Amino acid sequence: MTINVSHPVFFICFMKSFFYGLILTIIGFHNLSAQVSEIDRFSDIFTFPEKIIALSEDKIITVEPQLSDNTINLIDLRDGTVINSLRQGNGPGEVTNAEKLIAVKEDIIWIWDSGHARGIITNHDLNVETEVRASGRSPMFALPLGDEHVGTWSVFSRSDLANIYELHDYTISEINNSVELSELREFEDLINNPLAGQGPSEWGGGAVFRGFNYSSLIAEIRKDGSVRLLGSEMNISFPQADESTRSLEAPDHSEYPEATLSMALNNDYLFVLHSGKKFDASIFRRAFAAVQGKLDELERDYGHSDQLIVYSRESGELVKEITLPEPASDITAYNNVLFTYTYKQDTPEVIRYEIDL
C-alpha cells in the first residue's frame with residue numbers, strides 16, 4: 001500500500017502529532033526545571049576540590065589534597081571567606097590523606113584520615129577537639145554508626161563488605177558484627193576482585209551507605225550488621241570475576257560502565273549521582289583528544305553525569321530520576337538545597353540548587 005504524504009488528511013494528522021509531542025516536551029522540561037532550580041554558583045573561592053560537604057545552606061567543607069596549607073577548608077559562601085582550615089602534616093590536627101569520609105553530626109564533624117589511620121573530631125568551626133584511634137589494628141576506612149559504633153571496611157578485603165566495631169571514649173575497640181561477602185549473593189564477585197568494590201561512601205546517622213563505581217547497587221549498612229540494598233533498578237552488576245584470576249586490578253571503564261559517582265543525604269532522601277556510561281580513558285584516546293584540543297571535554301565527560309537518582313530513606317524505594325541542568329562530578333545536600341561540583345575549561349564551579357520533591 002502506498003501512502004500519499006501530500007494528502008490533506010495526512011498533513012493534518014502529522015501536524016497534530018508534531019504539536020502534541022512538542023507540548024509534552026515543553027511540559028517535561030517544565031517539570032524538570034521545577035524539580036531543580038539554580039540559586040547561584042561559585043567559581044573563585046577554591047582550587048579543585050575532590051569532595052564537597054554541606055555544613056549548612058551557606059557553608060561547605062572542601063577537601064583539596066593538592067593544597068598543603070589548607071587541605072580541608074570550611075568556606076562561607078556568603079562572602080567567599082575561608083573560616084578555618086586543616087593542613088597536611090603529621091602533627092596533631094593535621095592530615096595526610098583525608099579519604100573524603102566526613103560525617104557532619106549535630107555538634108561535631110568526623111574526618112577520617114587514612115594516612116594516619118585515625119579520625120579527627122572538630123566542632124562546626126573546624127577547630128580540632130580530639131582524635132579517634134583504634135586499640136588494635138587500624139581500619140583503612142571508618143565512619144560512625146550512631147554514638148557507640150563505627151563501620152569500617154577495606155577495598156582489598158576478599159571477605160567483608162564491612163565490620164562494625166564498638167566505640168568507647170573515641171577509641172575503636174571490640175568487633176561487634178561483620179557483613180560477609182559470601183552471605184550477599186550480589187557481592188560475590190568482590191571475593192575474586194575486591195578492587196571492583198571501590199566507590200563513594202556517605203554517613204547517614206545510624207547507617208553508612210557504600211556506593212560502587214562498578215555497580216549501581218548501594219549498601220545501607222547498620223550497626224546490627226543488617227544490610228539494605230538499593231539501586232537495583234539501574235541494573236549495573238559487578239564485573240564477573242572467577243576464582244582462577246583472583247584479580248587485584250580495577251576493571252576497565254571502557255568495558256564496564258561507571259555507576260555511582262557520588263552520594264548525598266538529607267533527612268528524607270538519598271541522592272545518587274549515577275553515570276551508566278562506558279569511557280575509554282586510554283593514553284591513546286587522551287593523546288588524540290589533546291591534539292584535537294578536546295582533552296577538557298574528554299575529562300569533563302569522564303567522571304561527570306547529569307543523572308540524579310533519588311531514593312526514600314524510609315522505604316528505600318526509588319522516588320525520582322532527575323536530569324541536572326549541568327553535569328557534575330560530586331554532590332552534597334542540606335535540607336532542600338543541593339550543591340553540585342563540576343569543572344569546565346580548567347575552572348572549578350559549585351552550583352547551589354533548590355530541589356523540590
# chains A, B, ... in the order shown; residues from 1 in each chain; ligands from 1
$ closest_atom_pairs --of "segment 298-342 of chain A" --to "segment 218-238 of chain A" --cutoff "9 Å" --atoms "only C-alpha atoms" --output "CSV"
residue,atom,partner,partner_atom,distance
A:Ile309,CA,A:Gly231,CA,8.9
A:Tyr311,CA,A:Leu230,CA,8.1
A:Gly316,CA,A:Leu230,CA,6.4
A:Glu317,CA,A:Leu230,CA,7.5
A:Leu318,CA,A:Gly231,CA,8.0
$ write_last_selection --atoms "N, CA and C atoms" --output "mmCIF file, in the first residue's frame"
data_model
loop_
_atom_site.group_PDB
_atom_site.id
_atom_site.type_symbol
_atom_site.label_atom_id
_atom_site.label_comp_id
_atom_site.auth_asym_id
_atom_site.auth_seq_id
_atom_site.Cartn_x
_atom_site.Cartn_y
_atom_site.Cartn_z
ATOM 1 N N ILE A 309 19.570 10.307 40.816
ATOM 2 C CA ILE A 309 18.579 9.325 41.248
ATOM 3 C C ILE A 309 18.244 9.600 42.711
ATOM 4 N N TYR A 311 16.245 8.367 46.213
ATOM 5 C CA TYR A 311 15.619 7.266 46.937
ATOM 6 C C TYR A 311 15.054 7.776 48.253
ATOM 7 N N GLY A 316 13.411 3.068 51.118
ATOM 8 C CA GLY A 316 14.439 2.572 50.214
ATOM 9 C C GLY A 316 14.006 2.516 48.763
ATOM 10 N N GLU A 317 12.804 2.987 48.476
ATOM 11 C CA GLU A 317 12.286 2.919 47.112
ATOM 12 C C GLU A 317 12.742 4.115 46.286
ATOM 13 N N LEU A 318 12.844 3.893 44.969
ATOM 14 C CA LEU A 318 13.194 4.973 44.053
ATOM 15 C C LEU A 318 12.050 5.978 43.995
#
$ residues_around --residues "segment 134-140 of chain A" --least-positions-apart "4" --cutoff "10 Å" --atoms "only C-alpha atoms" --output "list of chain:residue names"
A:Glu99, A:Trp112, A:Asp113, A:Ser114, A:Gly115, A:His116, A:Ala117, A:Arg118, A:Gly119, A:Gly151, A:Thr152, A:Trp153, A:Ser154, A:Val155, A:Phe156, A:Asn163, A:Tyr165, A:Leu167, A:Tyr170, A:Thr171, A:Ile172, A:Ser173, A:Glu174
$ residues_around --residues "Asn84 of chain A" --least-positions-apart "5" --cutoff "7 Å" --atoms "only C-alpha atoms" --output "ChimeraX atom specification"
/A:73-74,125-126
$ atom_distance --atom1 "atom CA of Pro144 of chain A" --atom2 "atom CA of Val104 of chain A"
10.3 Å
$ residues_around --residues "Leu261 of chain A" --least-positions-apart "2" --cutoff "12 Å" --atoms "only C-alpha atoms" --output "VMD selection string"
chain A and resid 50 to 51 198 to 202 210 to 216 218 257 to 259 263 to 264 271 to 277 302 to 309 327 to 332 340 to 341
$ closest_residue --among "A:Ser312, A:Asn192, A:Asn127, A:Asn335" --to "Ser159 of chain A" --atoms "only C-alpha atoms"
A:Asn192
